[in-house]
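S.K.: Please find one structure pasted underneath; my questions will follow.
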Amino acid sequence: MLFRSKPGDIVVGDRAYGCFVVAASLLAHGSDLLARLNTRSRRVDFRRASRRLGYSDALFTWTKPKGAPSPMVSPEQWDGLPARLEVRIIRRKIARPGFRTREVCVVTTLLDPVAYPAEEILEAYLRRWRMEMCLDDLKTSLGMEHLRGRSPGTVQRELRIFLCAHNLLRWVMGTAAEACGVDVERVSFTGTLHGLGQWTTAMAMAKGRGRE
């Protein structure tokens, strides 16, 4: 099995997950998929949809790829995948204050448009993207991409320090957003990091002058 998902789970992923093998494997396990569709490898023509559900929202029938089994699953799992699979594809232009407008095309096995409205599906995908940005904040902005520890214990202590710093910055961002009456998504993580660094430097200098 590709994932350690449980029946009823919804796996949210990027372009690498939006394919036949992942969708079919999850369905066989009782789970569902919501992922970005790689439109470069699979073009979407809504005129060829098997059923339209709304504006740029429709059901499509995917067929099992021909040729050698996918390296993502074992030969036995590959043979057990269905010959056809029904998926739902939604395409929208996302426009949010502070971000550039972009087009997003997602594929999901959540086929019921009443139980799973298109806007809620897109919002769930955008939350995944926000989590990805949080990981990027840890790796890039805080410098966690390369750890210095050479033993498991040292690495664990490093990770705890990074997570504490990340949580502190998130708390500062949340407090600032609440005080100014703005959405916390409008507060820059990098800007908060730099601002907090300047504040601690100023406090240290003020403390030093007080001792003179």
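Just so we're on the same page: first chain in the structure tokens is A, next is B, and so on; residues restart at 1 for each chain, and ligands are numbered from 1 in the order they show up.
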List every residue of segment 60-180 of chain A that DSSP, applied to the backbone of this structure, places in strand (DSSP E), and write the result as a ChimeraX atom specification.
M.R.: /A:60-63,84-94,102-108
S.K.: Going by DSSP on the backbone, which bits of segment 3-156 of chain A are alpha helix (DSSP H)? Write them as a ChimeraX atom specification, please.
M.R.: /A:20-28,75-80,118-136,152-156
S.K.: Find the residues around segment 138-143 of chain A up to 12 Å (only C-alpha atoms counted), leave out those fewer than 6 positions away in its own chain, and share them as a list in words.
M.R.: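 Close residues of segment 138-143 of chain A: Met131, Glu132, Glu158, Leu159, Arg160, Ile161, Phe162, Leu163, Cys164, Ala165, His166, Asn167, Leu169, Arg170, Ser188, Phe189, Thr190, Gly191, Thr192, Leu193, His194 and Gly197 of chain A.
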S.K.: Just to be explicit: take each residue in the selection above, keep C-alpha atoms, and write the result as a tab-separated table (two decimals), in the first residue's frame.
M.R.:
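Saved result, out-v3.tsv, follows:
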```tsv
chain	number	residue	atom	x	y	z
A	131	MET	CA	1.26	23.56	5.55
A	132	GLU	CA	3.86	23.26	2.82
A	158	GLU	CA	18.14	20.63	17.42
A	159	LEU	CA	14.70	19.75	16.12
A	160	ARG	CA	13.08	20.70	19.42
A	161	ILE	CA	14.84	24.08	19.40
A	162	PHE	CA	13.71	24.77	15.84
A	163	LEU	CA	10.13	23.81	16.65
A	164	CYS	CA	10.13	26.00	19.76
A	165	ALA	CA	11.42	28.94	17.71
A	166	HIS	CA	8.79	28.27	15.04
A	167	ASN	CA	5.98	28.16	17.60
A	169	LEU	CA	7.19	33.20	15.90
A	170	ARG	CA	3.71	31.87	15.12
A	188	SER	CA	4.85	37.62	6.98
A	189	PHE	CA	6.80	34.86	8.74
A	190	THR	CA	10.14	36.17	7.45
A	191	GLY	CA	9.20	39.74	8.37
A	192	THR	CA	8.28	38.62	11.88
A	193	LEU	CA	11.59	36.77	12.20
A	194	HIS	CA	13.56	39.85	11.17
A	197	GLY	CA	15.63	39.77	15.77
```
S.K.: Considering only C-alpha atoms, return as a ChimeraX atom specification whatever protein or nucleic-acid residues lie within 7 Å of Leu33 of chain A, sequence-local ones (same chain, fewer than 5 positions apart) excluded.
M.R.: /A:10-12,23,26,108-109
S.K.: Need to verify the contact set: Arg52 of chain A, 12 Å, only C-alpha atoms, exclusion of same-chain residues closer than 3 positions in sequence. Can you return it as a list in words?
M.R.: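 Answer for this query is Asp45, Phe46, Arg47, Arg48, Ala49, Tyr55, Ser56, Asp57, Ala58, Leu59, Phe60, Val87, Arg88, Ile89, Ile90, Leu111, Asp112 and Pro113 of chain A.
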S.K.: Output N, CA, C and O atoms of each residue in that selection to a file, as a PDB file, in the first residue's frame.
M.R.:
```pdb
ATOM      1  N   ASP A  45      -9.893  18.490 -20.799  1.00  0.00           N
ATOM      2  CA  ASP A  45     -10.865  19.086 -21.711  1.00  0.00           C
ATOM      3  C   ASP A  45     -12.252  18.804 -21.143  1.00  0.00           C
ATOM      4  O   ASP A  45     -12.732  17.658 -21.215  1.00  0.00           O
ATOM      5  N   PHE A  46     -12.874  19.806 -20.566  1.00  0.00           N
ATOM      6  CA  PHE A  46     -14.163  19.596 -19.913  1.00  0.00           C
ATOM      7  C   PHE A  46     -15.270  19.241 -20.901  1.00  0.00           C
ATOM      8  O   PHE A  46     -16.329  18.776 -20.500  1.00  0.00           O
ATOM      9  N   ARG A  47     -15.020  19.411 -22.182  1.00  0.00           N
ATOM     10  CA  ARG A  47     -16.004  18.990 -23.180  1.00  0.00           C
ATOM     11  C   ARG A  47     -16.070  17.469 -23.278  1.00  0.00           C
ATOM     12  O   ARG A  47     -17.055  16.914 -23.774  1.00  0.00           O
ATOM     13  N   ARG A  48     -15.039  16.787 -22.798  1.00  0.00           N
ATOM     14  CA  ARG A  48     -15.002  15.327 -22.851  1.00  0.00           C
ATOM     15  C   ARG A  48     -15.353  14.684 -21.518  1.00  0.00           C
ATOM     16  O   ARG A  48     -15.125  13.497 -21.314  1.00  0.00           O
ATOM     17  N   ALA A  49     -15.900  15.449 -20.624  1.00  0.00           N
ATOM     18  CA  ALA A  49     -16.267  14.909 -19.313  1.00  0.00           C
ATOM     19  C   ALA A  49     -17.419  13.921 -19.441  1.00  0.00           C
ATOM     20  O   ALA A  49     -18.282  14.054 -20.313  1.00  0.00           O
ATOM     21  N   TYR A  55     -19.602  24.635 -13.054  1.00  0.00           N
ATOM     22  CA  TYR A  55     -18.616  25.366 -13.838  1.00  0.00           C
ATOM     23  C   TYR A  55     -17.222  24.812 -13.566  1.00  0.00           C
ATOM     24  O   TYR A  55     -16.749  24.805 -12.424  1.00  0.00           O
ATOM     25  N   SER A  56     -16.550  24.322 -14.628  1.00  0.00           N
ATOM     26  CA  SER A  56     -15.213  23.729 -14.512  1.00  0.00           C
ATOM     27  C   SER A  56     -15.160  22.715 -13.382  1.00  0.00           C
ATOM     28  O   SER A  56     -14.198  22.648 -12.614  1.00  0.00           O
ATOM     29  N   ASP A  57     -16.197  21.909 -13.283  1.00  0.00           N
ATOM     30  CA  ASP A  57     -16.317  20.871 -12.265  1.00  0.00           C
ATOM     31  C   ASP A  57     -17.036  19.689 -12.909  1.00  0.00           C
ATOM     32  O   ASP A  57     -18.219  19.794 -13.248  1.00  0.00           O
ATOM     33  N   ALA A  58     -16.327  18.580 -13.100  1.00  0.00           N
ATOM     34  CA  ALA A  58     -16.919  17.475 -13.851  1.00  0.00           C
ATOM     35  C   ALA A  58     -16.280  16.146 -13.482  1.00  0.00           C
ATOM     36  O   ALA A  58     -15.205  16.092 -12.870  1.00  0.00           O
ATOM     37  N   LEU A  59     -16.973  15.066 -13.859  1.00  0.00           N
ATOM     38  CA  LEU A  59     -16.468  13.709 -13.657  1.00  0.00           C
ATOM     39  C   LEU A  59     -15.800  13.220 -14.938  1.00  0.00           C
ATOM     40  O   LEU A  59     -16.291  13.473 -16.042  1.00  0.00           O
ATOM     41  N   PHE A  60     -14.686  12.505 -14.774  1.00  0.00           N
ATOM     42  CA  PHE A  60     -13.952  11.938 -15.895  1.00  0.00           C
ATOM     43  C   PHE A  60     -13.661  10.472 -15.610  1.00  0.00           C
ATOM     44  O   PHE A  60     -13.557  10.062 -14.452  1.00  0.00           O
ATOM     45  N   VAL A  87     -13.061   9.839 -11.613  1.00  0.00           N
ATOM     46  CA  VAL A  87     -12.514  10.894 -10.760  1.00  0.00           C
ATOM     47  C   VAL A  87     -13.242  12.202 -11.052  1.00  0.00           C
ATOM     48  O   VAL A  87     -13.933  12.336 -12.063  1.00  0.00           O
ATOM     49  N   ARG A  88     -13.050  13.134 -10.169  1.00  0.00           N
ATOM     50  CA  ARG A  88     -13.651  14.460 -10.311  1.00  0.00           C
ATOM     51  C   ARG A  88     -12.542  15.492 -10.450  1.00  0.00           C
ATOM     52  O   ARG A  88     -11.578  15.484  -9.674  1.00  0.00           O
ATOM     53  N   ILE A  89     -12.659  16.370 -11.426  1.00  0.00           N
ATOM     54  CA  ILE A  89     -11.656  17.400 -11.673  1.00  0.00           C
ATOM     55  C   ILE A  89     -12.307  18.776 -11.562  1.00  0.00           C
ATOM     56  O   ILE A  89     -13.365  19.015 -12.145  1.00  0.00           O
ATOM     57  N   ILE A  90     -11.656  19.644 -10.806  1.00  0.00           N
ATOM     58  CA  ILE A  90     -12.158  21.003 -10.581  1.00  0.00           C
ATOM     59  C   ILE A  90     -11.063  21.985 -10.956  1.00  0.00           C
ATOM     60  O   ILE A  90      -9.899  21.813 -10.561  1.00  0.00           O
ATOM     61  N   LEU A 111     -16.663  12.405  -5.204  1.00  0.00           N
ATOM     62  CA  LEU A 111     -17.448  12.659  -6.414  1.00  0.00           C
ATOM     63  C   LEU A 111     -18.760  13.398  -6.166  1.00  0.00           C
ATOM     64  O   LEU A 111     -19.302  14.006  -7.094  1.00  0.00           O
ATOM     65  N   ASP A 112     -19.291  13.361  -4.965  1.00  0.00           N
ATOM     66  CA  ASP A 112     -20.609  13.936  -4.689  1.00  0.00           C
ATOM     67  C   ASP A 112     -20.495  15.460  -4.540  1.00  0.00           C
ATOM     68  O   ASP A 112     -19.896  15.956  -3.574  1.00  0.00           O
ATOM     69  N   PRO A 113     -21.077  16.245  -5.460  1.00  0.00           N
ATOM     70  CA  PRO A 113     -20.957  17.708  -5.377  1.00  0.00           C
ATOM     71  C   PRO A 113     -21.774  18.320  -4.251  1.00  0.00           C
ATOM     72  O   PRO A 113     -21.528  19.466  -3.865  1.00  0.00           O
TER      73      PRO A 113
END
```
S.K.: Contacts of segment 17-21 of chain A at 9 Å or less, counting only C-alpha atoms, minus same-chain residues fewer than 5 places along, as a list in words?
M.R.: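 Everything that qualifies: Val12, Leu26, Leu33, Leu34, Ala35, Arg36, Leu37, Asn38, Trp62, Thr63, Lys64, Pro65, Ser70, Met72, Val73, Trp78, Leu81, Leu85, Val106, Val107 and Thr108 of chain A.
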S.K.: Just how far from atom CA of Arg91 of chain A is atom CA of Ile121 of chain A, in Å to one decimal?
M.R.: 10.9 Å
S.K.: Find the residues near Arg92 of chain A: any atom within 7 Å, counting only C-alpha atoms, skip ones fewer than 4 places away on the same chain, and give them as a list in words.
M.R.: Glu103, Val104 and Cys105 of chain A
S.K.: Work out how far apart atom CA of Arg15 of chain A and atom CA of Arg127 of chain A are and give it in Å to one decimal.
M.R.: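 Pair atom CA of Arg15 of chain A / atom CA of Arg127 of chain A returns 15.1 Å.
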S.K.: In Å to one decimal, how far is atom CA of Leu110 of chain A from atom CA of Gly8 of chain A?
M.R.: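 Between these atoms lies a distance of 11.2 Å.
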S.K.: Using only C-alpha atoms, which of A:Glu119, A:Ala204, A:Thr61, A:Lys6 sits nearest Pro82 of chain A?
M.R.: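 Nearest candidate to Pro82 of chain A out of A:Glu119, A:Ala204, A:Thr61, A:Lys6: A:Thr61.
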